[in-house]
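One file, structure_39.txt, carrying compact mmCIF, C-alpha atoms:
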```txt
# COMPACT_ATOMS: atom_id res chain seq x y z
CA MET A 1378 -2.93 127.09 107.16
CA ARG A 1379 -3.03 123.29 106.80
CA ASP A 1380 -6.00 123.17 104.43
CA GLU A 1381 -4.60 125.93 102.25
CA LEU A 1382 -1.21 124.20 101.98
CA ARG A 1383 -2.75 120.75 101.41
CA SER A 1384 -4.86 122.12 98.57
CA GLY A 1385 -1.67 123.63 97.12
CA GLY A 1386 -0.05 120.19 96.98
CA VAL A 1387 2.27 120.50 99.99
CA SER A 1388 2.91 117.12 101.63
CA GLU A 1389 1.63 116.38 105.13
CA SER A 1390 5.15 115.89 106.54
CA VAL A 1391 6.25 119.29 105.23
CA ILE A 1392 3.13 120.89 106.73
CA ASP A 1393 3.87 119.23 110.09
CA ASP A 1394 7.43 120.58 109.98
CA ALA A 1395 6.16 124.03 108.99
CA VAL A 1396 3.77 124.14 111.95
CA LEU A 1397 6.64 123.32 114.33
CA VAL A 1398 8.90 125.90 112.65
CA LEU A 1399 6.17 128.54 112.87
CA SER A 1400 5.65 127.74 116.56
CA GLU A 1401 9.38 128.14 117.26
CA LEU A 1402 9.60 131.39 115.28
CA LEU A 1403 6.59 132.88 117.04
CA SER A 1404 7.93 131.82 120.45
CA ASN A 1405 11.27 133.45 119.68
CA ALA A 1406 9.60 136.63 118.42
CA CYS A 1407 7.48 136.91 121.58
CA LYS A 1408 10.39 136.16 123.89
CA HIS A 1409 13.22 138.09 122.22
CA GLY A 1410 11.68 140.61 119.80
CA ARG A 1411 9.92 143.90 120.22
CA PRO A 1412 6.38 144.31 118.87
CA LEU A 1413 5.98 145.81 115.42
CA GLY A 1414 3.69 148.66 116.37
CA ASP A 1415 2.86 149.64 112.79
CA GLU A 1416 -0.47 150.16 111.09
CA LEU A 1417 -0.10 147.00 108.98
CA ALA A 1418 0.32 144.61 111.89
CA GLY A 1419 -1.43 146.57 114.61
CA ASP A 1420 0.17 147.85 117.79
CA GLY A 1421 2.11 145.18 119.70
CA ASP A 1422 1.97 142.44 117.10
CA VAL A 1423 4.28 140.19 115.15
CA ARG A 1424 3.60 139.16 111.56
CA ALA A 1425 3.62 135.56 110.28
CA ALA A 1426 3.51 134.54 106.64
CA TRP A 1427 4.04 131.49 104.47
CA GLN A 1428 4.20 130.90 100.75
CA VAL A 1429 5.21 128.28 98.24
CA ASP A 1430 8.13 129.73 96.29
CA ALA A 1431 8.75 129.43 92.55
CA GLY A 1432 10.66 126.17 93.14
CA GLY A 1433 7.69 124.64 94.98
CA ARG A 1434 9.33 124.89 98.42
CA LEU A 1435 7.44 126.12 101.47
CA VAL A 1436 8.82 129.31 103.02
CA VAL A 1437 7.67 130.34 106.51
CA GLU A 1438 8.59 133.68 108.07
CA VAL A 1439 7.91 135.72 111.19
CA THR A 1440 8.58 139.45 111.51
CA ASP A 1441 8.95 141.42 114.74
CA GLY A 1442 10.37 144.78 115.77
CA GLY A 1443 13.87 143.43 116.39
CA GLY A 1444 15.58 142.62 119.64
CA PRO A 1445 18.77 143.25 121.55
CA THR A 1446 20.66 140.51 119.65
CA ARG A 1447 20.56 138.85 116.23
CA PRO A 1448 18.84 135.47 116.05
CA ALA A 1449 21.50 132.75 116.27
CA PRO A 1450 21.49 129.09 117.32
CA ALA A 1451 22.56 128.58 120.93
CA THR A 1452 24.37 125.78 122.69
CA PRO A 1453 22.19 125.25 125.76
CA SER A 1454 23.19 123.02 128.63
CA VAL A 1455 21.44 119.68 129.02
CA THR A 1456 19.32 121.12 131.85
CA ALA A 1457 18.49 124.45 130.17
CA HIS A 1458 14.80 125.25 129.81
CA GLY A 1459 15.22 126.91 126.44
CA GLY A 1460 17.67 127.83 123.73
CA ARG A 1461 16.92 124.98 121.33
CA GLY A 1462 14.47 126.71 118.96
CA LEU A 1463 16.84 127.71 116.18
CA ASN A 1464 18.61 124.35 116.42
CA ILE A 1465 15.24 122.66 115.84
CA ILE A 1466 14.60 125.01 112.93
CA THR A 1467 18.04 124.26 111.47
CA ALA A 1468 17.30 120.53 111.65
CA LEU A 1469 13.98 120.95 109.82
CA ALA A 1470 15.08 123.53 107.25
CA ASP A 1471 16.72 123.51 103.85
CA ALA A 1472 17.81 127.04 104.68
CA TRP A 1473 16.99 129.87 107.06
CA GLY A 1474 18.14 133.41 107.57
CA VAL A 1475 17.43 136.85 108.92
CA ARG A 1476 16.34 139.88 106.92
CA ASP A 1477 16.34 143.44 108.31
CA ASP A 1478 14.52 146.43 106.90
CA VAL A 1479 15.02 150.17 107.27
CA ARG A 1480 12.20 150.50 109.84
CA GLY A 1481 13.98 148.15 112.24
CA GLU A 1482 11.78 145.16 111.52
CA VAL A 1483 13.50 141.79 111.62
CA THR A 1484 12.21 138.81 109.66
CA VAL A 1485 13.40 135.27 110.26
CA TRP A 1486 12.60 133.14 107.19
CA VAL A 1487 12.79 129.37 106.84
CA VAL A 1488 12.64 127.12 103.78
CA VAL A 1489 11.09 123.92 105.14
CA HIS A 1490 12.48 120.54 103.98
CA ASP A 1491 10.57 119.12 101.07
CA ASP A 1492 10.62 115.34 100.59
CA VAL A 1493 9.58 115.62 96.94
CA HIS A 1494 12.16 118.21 95.85
CA ASP A 1495 14.91 117.05 98.24
CA PRO A 1496 15.57 113.31 98.39
CA ASP A 1497 17.78 113.74 101.50
CA ALA A 1498 15.01 115.42 103.53
CA GLY A 1499 13.60 112.12 104.79
CA HIS A 1500 17.04 111.02 105.94
CA ARG A 1501 17.59 114.31 107.78
CA ARG A 1502 14.19 113.97 109.43
CA ASP A 1503 15.06 110.43 110.60
CA ASP A 1504 18.33 111.75 112.03
CA PHE A 1505 16.62 114.74 113.70
CA ALA A 1506 16.49 113.29 117.24
CA THR A 1507 20.19 112.48 117.31
CA ARG A 1508 21.07 116.00 116.21
CA ILE A 1509 19.08 117.85 118.89
CA THR A 1510 19.36 115.60 121.95
CA ALA A 1511 22.19 115.49 124.43
CA PRO A 1512 24.45 112.44 124.48
CA ALA A 1513 23.83 109.71 127.01
CA VAL A 1514 25.65 110.31 130.29
CA SER A 1515 27.72 107.17 129.66
CA GLU A 1516 29.05 108.76 126.45
CA ILE A 1517 30.32 111.97 128.08
CA PRO A 1518 34.12 111.71 128.40
CA GLY A 1519 35.60 112.20 131.86
CA LEU A 1520 32.30 111.63 133.61
CA ASP A 1521 32.86 108.61 135.83
CA PHE A 1522 30.66 107.98 138.83
CA ALA A 1523 32.60 104.90 139.99
CA ASP A 1524 34.85 106.95 142.28
CA VAL A 1525 31.84 108.47 144.03
CA PHE A 1526 30.38 105.04 144.77
CA ASP A 1527 33.75 103.68 145.89
CA ASP A 1528 33.85 106.35 148.63
CA LEU A 1529 30.45 105.21 149.92
CA GLY A 1530 31.47 101.58 150.48
```

Could you take the file, read its structure, and then write that structure out as structure tokens?
Amino acid sequence: MRDELRSGGVSESVIDDAVLVLSELLSNACKHGRPLGDELAGDGDVRAAWQVDAGGRLVVEVTDGGGPTRPAPATPSVTAHGGRGLNIITALADAWGVRDDVRGEVTVWVVVHDDVHDPDAGHRRDDFATRITAPAVSEIPGLDFADVFDDLG
């Protein structure tokens, strides 16, 4: 994937983001989706694809057999072991969405940020950590440990 995209003029930072997006999409498909089970993908598979669209933007997509719910960003607790995938994708994407077909296949597609075509992409990437991490405990309103320590003394 990397060599093919590099030779097509896609920047290294966009390729890095696309690899992370693809990883998240594949993880979600394996965890939440049913296998495709068609002759094109083989029995029990998901399908991944990427292309550079007419505007020069990289589009990554993963197709599975659908699941019990529609893909949607979650609001996981600070201690949750999952539920952040689509939030990560949202932070790295110009756009993303879900496409259904008549056979029940579900495709999640992502247009990855492009520094060249989108001057704000670098700023969003710099801000990425603050958008996906939980606030510091000291910043959570109403959370005061002083009373607990007062009782100990």

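When CA of Ser1384 in chain A is paired with CA of Arg1434 in chain A, their separation reads 14.5 Å.
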
Discussion item. Env of Glu1482 in chain A: 8 Å cut, atoms = all atoms listed in the file, seq-sep filter 6 positions within chain, self excluded. Answer as a VMD selection string.
Written reply: chain A and resid 1413 1440 to 1443

Discussion item. Which residues are close to Asp1394 in chain A, i.e. within 9 Å by all atoms listed in the file, leaving aside same-chain residues fewer than 5 positions away? Reply as a PyMOL selection string.
Written reply: chain A and resi 1389+1399+1466+1469-1470+1489-1490

With 6 Å on each side, where is the centre of the axis-aligned box around all listed atoms of range 1465-1481 of chain A, and how long are its edges in Å to one decimal, as AutoDock Vina command-line options?
```
--center_x 15.2 --center_y 135.5 --center_z 109.8 --size_x 17.9 --size_y 42.0 --size_z 24.0
```

Item to complete: Find the spatial neighbours of range 1446-1454 of chain A, counting all atoms listed in the file, within a cut-off of 12 Å - ignore same-chain residues fewer than 3 positions away - and output them as a PyMOL selection string.
Response: chain A and resi 1402+1405-1406+1408-1411+1439-1443+1457-1468+1473-1477+1482-1486+1509-1512

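Pairwise distance (CA of Ile1392 in chain A, CA of Val1423 in chain A) equals 21.1 Å.
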
Worksheet item: What is the CA of Arg1424 in chain A to CA of Glu1438 in chain A distance in Å?
Response: 8.2 Å

Worksheet entry | Using all atoms listed in the file: which of A:Asp1393, A:Asp1478, A:Asp1380, A:Asp1471 has the shortest distance to Val1436 in chain A | A:Asp1471

Worksheet item: Which one of A:Ala1426, A:Val1396, A:Ala1431, A:Cys1407 sits closest to Arg1379 in chain A if you count only C-alpha atoms?
Response: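 Answer, going by the shortest atom-to-atom distance: A:Val1396.
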
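With all atoms listed in the file as the atoms that count, the residue of A:Trp1427, A:Pro1412, A:Leu1435, A:Leu1397 with the shortest distance to Val1488 in chain A is A:Leu1435.
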
Discussion item. Nearest residue to Val1487 in chain A out of A:Pro1445, A:Gly1414, A:Ala1425, A:Val1398, using all atoms listed in the file?
Written reply: A:Val1398
